>>> print(open('coords_17.pdb').read())   # PDB, C-alpha atoms, pLDDT in the B column
ATOM      1  CA  MET W   1     -34.235  29.848 -88.089  1.00 35.00           C
ATOM      2  CA  PRO W   2     -34.095  29.379 -84.301  1.00 38.00           C
ATOM      3  CA  ASP W   3     -30.910  28.478 -82.503  1.00 40.00           C
ATOM      4  CA  LEU W   4     -31.235  24.834 -81.468  1.00 38.00           C
ATOM      5  CA  ARG W   5     -28.286  24.660 -79.092  1.00 40.00           C
ATOM      6  CA  GLU W   6     -29.161  22.775 -75.955  1.00 40.00           C
ATOM      7  CA  SER W   7     -29.136  24.394 -72.560  1.00 38.00           C
ATOM      8  CA  ALA W   8     -26.738  23.339 -69.824  1.00 43.00           C
ATOM      9  CA  THR W   9     -29.354  20.820 -68.715  1.00 43.00           C
ATOM     10  CA  GLY W  10     -29.369  19.301 -72.202  1.00 49.00           C
ATOM     11  CA  ASN W  11     -33.145  19.562 -72.558  1.00 49.00           C
ATOM     12  CA  ARG W  12     -34.028  22.492 -74.792  1.00 48.00           C
ATOM     13  CA  PRO W  13     -32.498  25.627 -76.307  1.00 47.00           C
ATOM     14  CA  ASP W  14     -31.212  28.170 -73.834  1.00 52.00           C
ATOM     15  CA  PRO W  15     -33.090  31.472 -74.437  1.00 49.00           C
ATOM     16  CA  ALA W  16     -30.006  33.442 -73.394  1.00 48.00           C
ATOM     17  CA  THR W  17     -28.077  32.121 -76.403  1.00 50.00           C
ATOM     18  CA  THR W  18     -30.832  33.033 -78.831  1.00 63.00           C
ATOM     19  CA  THR W  19     -31.518  36.610 -77.703  1.00 88.00           C
ATOM     20  CA  THR W  20     -28.053  37.898 -76.861  1.00 94.00           C
ATOM     21  CA  LEU W  21     -24.552  38.220 -78.211  1.00 96.00           C
ATOM     22  CA  THR W  22     -21.446  37.522 -76.157  1.00 97.00           C
ATOM     23  CA  ILE W  23     -18.649  40.059 -76.472  1.00 98.00           C
ATOM     24  CA  ARG W  24     -15.161  38.945 -75.453  1.00 98.00           C
ATOM     25  CA  TYR W  25     -12.447  41.560 -75.007  1.00 98.00           C
ATOM     26  CA  PHE W  26      -8.759  40.742 -75.457  1.00 97.00           C
ATOM     27  CA  ALA W  27      -5.567  42.565 -74.429  1.00 94.00           C
ATOM     28  CA  GLY W  28      -5.953  46.368 -74.675  1.00 95.00           C
ATOM     29  CA  ALA W  29      -9.674  46.034 -75.390  1.00 96.00           C
ATOM     30  CA  ARG W  30     -10.091  44.189 -72.079  1.00 97.00           C
ATOM     31  CA  ALA W  31      -8.243  46.941 -70.237  1.00 96.00           C
ATOM     32  CA  ALA W  32     -10.252  49.689 -71.956  1.00 96.00           C
ATOM     33  CA  ALA W  33     -13.613  48.006 -71.312  1.00 97.00           C
ATOM     34  CA  GLY W  34     -12.705  47.050 -67.759  1.00 97.00           C
ATOM     35  CA  ARG W  35     -13.964  43.507 -68.236  1.00 97.00           C
ATOM     36  CA  ALA W  36     -13.192  40.319 -70.121  1.00 97.00           C
ATOM     37  CA  GLU W  37     -16.709  39.606 -71.365  1.00 97.00           C
ATOM     38  CA  GLU W  38     -20.237  40.939 -71.477  1.00 97.00           C
ATOM     39  CA  HIS W  39     -23.573  40.246 -73.154  1.00 96.00           C
ATOM     40  CA  THR W  40     -25.625  42.549 -75.337  1.00 95.00           C
ATOM     41  CA  PRO W  41     -28.964  42.175 -77.152  1.00 94.00           C
ATOM     42  CA  ALA W  42     -28.918  40.393 -80.519  1.00 94.00           C
ATOM     43  CA  GLY W  43     -30.576  41.616 -83.716  1.00 93.00           C
ATOM     44  CA  ARG W  44     -28.023  44.272 -84.624  1.00 95.00           C
ATOM     45  CA  SER W  45     -25.053  44.740 -86.918  1.00 97.00           C
ATOM     46  CA  LEU W  46     -21.444  44.818 -85.760  1.00 97.00           C
ATOM     47  CA  ASP W  47     -21.326  48.598 -86.260  1.00 97.00           C
ATOM     48  CA  GLU W  48     -24.397  49.011 -84.047  1.00 97.00           C
ATOM     49  CA  VAL W  49     -22.943  46.801 -81.327  1.00 97.00           C
ATOM     50  CA  LEU W  50     -19.600  48.618 -81.450  1.00 97.00           C
ATOM     51  CA  ALA W  51     -21.275  52.043 -81.194  1.00 97.00           C
ATOM     52  CA  ASP W  52     -23.261  50.813 -78.191  1.00 97.00           C
ATOM     53  CA  ILE W  53     -20.270  49.450 -76.286  1.00 97.00           C
ATOM     54  CA  ALA W  54     -18.142  52.510 -77.131  1.00 97.00           C
ATOM     55  CA  ASP W  55     -20.885  54.758 -75.746  1.00 97.00           C
ATOM     56  CA  ARG W  56     -21.071  52.671 -72.567  1.00 95.00           C
ATOM     57  CA  HIS W  57     -17.336  52.240 -71.967  1.00 96.00           C
ATOM     58  CA  GLY W  58     -15.943  55.551 -73.210  1.00 96.00           C
ATOM     59  CA  GLU W  59     -13.304  57.072 -75.421  1.00 97.00           C
ATOM     60  CA  ARG W  60     -10.524  54.697 -74.416  1.00 96.00           C
ATOM     61  CA  LEU W  61     -12.445  51.705 -75.790  1.00 97.00           C
ATOM     62  CA  ARG W  62     -13.617  53.718 -78.810  1.00 97.00           C
ATOM     63  CA  ALA W  63      -9.956  54.313 -79.738  1.00 96.00           C
ATOM     64  CA  VAL W  64      -9.153  50.593 -79.405  1.00 96.00           C
ATOM     65  CA  LEU W  65     -12.158  49.660 -81.551  1.00 97.00           C
ATOM     66  CA  ARG W  66     -10.922  51.873 -84.408  1.00 95.00           C
ATOM     67  CA  ALA W  67      -7.813  49.682 -84.771  1.00 94.00           C
ATOM     68  CA  ALA W  68      -9.244  46.291 -83.736  1.00 95.00           C
ATOM     69  CA  SER W  69     -10.150  43.214 -85.736  1.00 94.00           C
ATOM     70  CA  PHE W  70     -13.353  41.312 -85.075  1.00 96.00           C
ATOM     71  CA  LEU W  71     -14.190  37.627 -85.115  1.00 97.00           C
ATOM     72  CA  VAL W  72     -17.743  36.335 -85.020  1.00 97.00           C
ATOM     73  CA  ASP W  73     -17.895  32.744 -83.875  1.00 97.00           C
ATOM     74  CA  GLY W  74     -14.193  32.446 -84.681  1.00 96.00           C
ATOM     75  CA  VAL W  75     -14.392  33.807 -88.241  1.00 96.00           C
ATOM     76  CA  ALA W  76     -13.193  37.233 -89.431  1.00 94.00           C
ATOM     77  CA  TRP W  77     -16.241  39.482 -89.845  1.00 91.00           C
ATOM     78  CA  HIS W  78     -15.852  42.085 -92.574  1.00 89.00           C
ATOM     79  CA  ASP W  79     -19.431  43.194 -93.337  1.00 93.00           C
ATOM     80  CA  ARG W  80     -20.015  45.509 -90.421  1.00 94.00           C
ATOM     81  CA  GLN W  81     -23.570  46.302 -91.589  1.00 96.00           C
ATOM     82  CA  ALA W  82     -24.781  42.684 -91.794  1.00 95.00           C
ATOM     83  CA  PRO W  83     -26.993  41.455 -88.944  1.00 94.00           C
ATOM     84  CA  LEU W  84     -25.078  39.315 -86.475  1.00 95.00           C
ATOM     85  CA  PRO W  85     -26.447  35.825 -85.799  1.00 93.00           C
ATOM     86  CA  ALA W  86     -28.274  35.529 -82.479  1.00 91.00           C
ATOM     87  CA  GLY W  87     -26.206  33.702 -79.896  1.00 94.00           C
ATOM     88  CA  ALA W  88     -22.942  34.612 -81.621  1.00 96.00           C
ATOM     89  CA  THR W  89     -19.692  35.387 -79.835  1.00 97.00           C
ATOM     90  CA  ILE W  90     -17.822  38.505 -80.929  1.00 98.00           C
ATOM     91  CA  ASP W  91     -14.096  38.585 -80.193  1.00 98.00           C
ATOM     92  CA  ILE W  92     -12.520  42.052 -80.132  1.00 97.00           C
ATOM     93  CA  LEU W  93      -8.834  41.780 -80.991  1.00 96.00           C
ATOM     94  CA  PRO W  94      -6.697  44.926 -80.847  1.00 94.00           C
ATOM     95  CA  PRO W  95      -3.402  44.946 -82.743  1.00 88.00           C
ATOM     96  CA  PHE W  96      -0.765  42.901 -80.951  1.00 78.00           C
ATOM     97  CA  ALA W  97       2.852  44.014 -80.684  1.00 60.00           C
ATOM     98  CA  GLY W  98       5.521  41.964 -82.373  1.00 55.00           C
ATOM     99  CA  GLY W  99       3.155  40.358 -84.886  1.00 50.00           C
TER
END
>>> encode(input="coords_17.pdb", output="structure tokens")
Amino acid sequence: MPDLRESATGNRPDPATTTTLTIRYFAGARAAAGRAEEHTPAGRSLDEVLADIADRHGERLRAVLRAASFLVDGVAWHDRQAPLPAGATIDILPPFAGG
């Protein structure tokens, strides 16, 4: 089913939200990735996306990803092999001290 979110102009769906995923990095993940956010192609599982970003950003991020939790559109995502919905936002949350 296509994503029917309206574009910023309010006229029709924004193709960028239907063909990509937004990745948001928090705390140590942000430091390891060297950015707060990026976009990646949709149509993959969480494990595939994580392998891709670890390959691009290096061992420091790979180590953070091993201990992190993941939210997809604000909900904990446990099935790392399931296809992610196009246009979704993935939040990468490393363990926080004092929790």
>>> resolve_selection(input="coords_17.pdb", expression="the PyMOL selection byres ((chain W and resi 36) around 9)", output="JSON, numbers by chain")
{"W": [23, 24, 25, 26, 29, 30, 31, 33, 34, 35, 37, 38]}
>>> atom_distance(input="coords_17.pdb", atom1="atom CA of Gly28 of chain W", atom2="atom CA of Ala67 of chain W")
10.8 Å
>>> resolve_selection(input="coords_17.pdb", expression="the PyMOL selection byres ((chain W and resi 21) around 7)", output="MDAnalysis selection string")
chainID W and resid 20 22:23 39:42 86:89
>>> write_last_selection(input="coords_17.pdb", atoms="C-alpha atoms", output="PDB file, keeping the file's coordinate frame")
ATOM      1  CA  THR W  20     -28.053  37.898 -76.861  1.00 94.00           C
ATOM      2  CA  THR W  22     -21.446  37.522 -76.157  1.00 97.00           C
ATOM      3  CA  ILE W  23     -18.649  40.059 -76.472  1.00 98.00           C
ATOM      4  CA  HIS W  39     -23.573  40.246 -73.154  1.00 96.00           C
ATOM      5  CA  THR W  40     -25.625  42.549 -75.337  1.00 95.00           C
ATOM      6  CA  PRO W  41     -28.964  42.175 -77.152  1.00 94.00           C
ATOM      7  CA  ALA W  42     -28.918  40.393 -80.519  1.00 94.00           C
ATOM      8  CA  ALA W  86     -28.274  35.529 -82.479  1.00 91.00           C
ATOM      9  CA  GLY W  87     -26.206  33.702 -79.896  1.00 94.00           C
ATOM     10  CA  ALA W  88     -22.942  34.612 -81.621  1.00 96.00           C
ATOM     11  CA  THR W  89     -19.692  35.387 -79.835  1.00 97.00           C
TER      12      THR W  89
END
>>> atom_distance(input="coords_17.pdb", atom1="atom CA of Gly74 of chain W", atom2="atom CA of Ile53 of chain W")
19.9 Å
>>> resolve_selection(input="coords_17.pdb", expression="the PyMOL selection byres ((chain W and resi 81) around 9)", output="ChimeraX atom specification")
/W:44-48,78-80,82-84
>>> atom_distance(input="coords_17.pdb", atom1="atom CA of Phe70 of chain W", atom2="atom CA of Ile92 of chain W")
5.1 Å
>>> axis_aligned_box(input="coords_17.pdb", around="segment 69-84 of chain W", padding_each_side="3 Å", output="lines of an AutoDock Vina configuration file")
center_x = -18.6
center_y = 39.4
center_z = -88.6
size_x = 22.8
size_y = 19.9
size_z = 15.5
>>> residues_around(input="coords_17.pdb", residues="Val64 of chain W", least_positions_apart="3", cutoff="9 Å", atoms="all atoms listed in the file", output="VMD selection string")
chain W and resid 28 to 29 32 59 to 61 67 to 68 93 to 95
>>> closest_residue(input="coords_17.pdb", among="W:Phe96, W:Ala63, W:Pro85, W:Asp91", to="Ala51 of chain W", atoms="all atoms listed in the file")
W:Ala63
>>> decode(input="coords_17.pdb", residues="segment 74-85 of chain W", atoms="N, CA and C atoms", output="mmCIF file, in the first residue's frame")
data_model
loop_
_atom_site.group_PDB
_atom_site.id
_atom_site.type_symbol
_atom_site.label_atom_id
_atom_site.label_comp_id
_atom_site.auth_asym_id
_atom_site.auth_seq_id
_atom_site.Cartn_x
_atom_site.Cartn_y
_atom_site.Cartn_z
ATOM 1 N N GLY W 74 8.698 5.262 16.482
ATOM 2 C CA GLY W 74 8.401 5.420 17.892
ATOM 3 C C GLY W 74 8.044 4.159 18.651
ATOM 4 N N VAL W 75 8.104 2.999 17.988
ATOM 5 C CA VAL W 75 7.730 1.733 18.620
ATOM 6 C C VAL W 75 8.941 0.801 18.617
ATOM 7 N N ALA W 76 9.170 0.105 19.746
ATOM 8 C CA ALA W 76 10.284 -0.845 19.816
ATOM 9 C C ALA W 76 10.155 -1.863 18.682
ATOM 10 N N TRP W 77 11.265 -2.107 18.003
ATOM 11 C CA TRP W 77 11.274 -3.007 16.839
ATOM 12 C C TRP W 77 12.123 -4.208 17.199
ATOM 13 N N HIS W 78 11.478 -5.367 17.329
ATOM 14 C CA HIS W 78 12.190 -6.563 17.780
ATOM 15 C C HIS W 78 12.489 -7.546 16.662
ATOM 16 N N ASP W 79 11.705 -7.572 15.600
ATOM 17 C CA ASP W 79 11.933 -8.504 14.496
ATOM 18 C C ASP W 79 12.889 -7.870 13.495
ATOM 19 N N ARG W 80 14.152 -8.131 13.693
ATOM 20 C CA ARG W 80 15.188 -7.482 12.895
ATOM 21 C C ARG W 80 15.258 -7.998 11.468
ATOM 22 N N GLN W 81 14.505 -9.050 11.143
ATOM 23 C CA GLN W 81 14.470 -9.580 9.778
ATOM 24 C C GLN W 81 13.256 -9.100 8.984
ATOM 25 N N ALA W 82 12.281 -8.512 9.659
ATOM 26 C CA ALA W 82 11.061 -8.043 8.992
ATOM 27 C C ALA W 82 11.366 -6.809 8.153
ATOM 28 N N PRO W 83 10.747 -6.702 6.981
ATOM 29 C CA PRO W 83 10.945 -5.493 6.161
ATOM 30 C C PRO W 83 10.440 -4.258 6.910
ATOM 31 N N LEU W 84 11.209 -3.196 6.834
ATOM 32 C CA LEU W 84 10.808 -1.936 7.452
ATOM 33 C C LEU W 84 9.838 -1.205 6.535
ATOM 34 N N PRO W 85 8.845 -0.519 7.091
ATOM 35 C CA PRO W 85 7.908 0.221 6.248
ATOM 36 C C PRO W 85 8.593 1.409 5.574
#
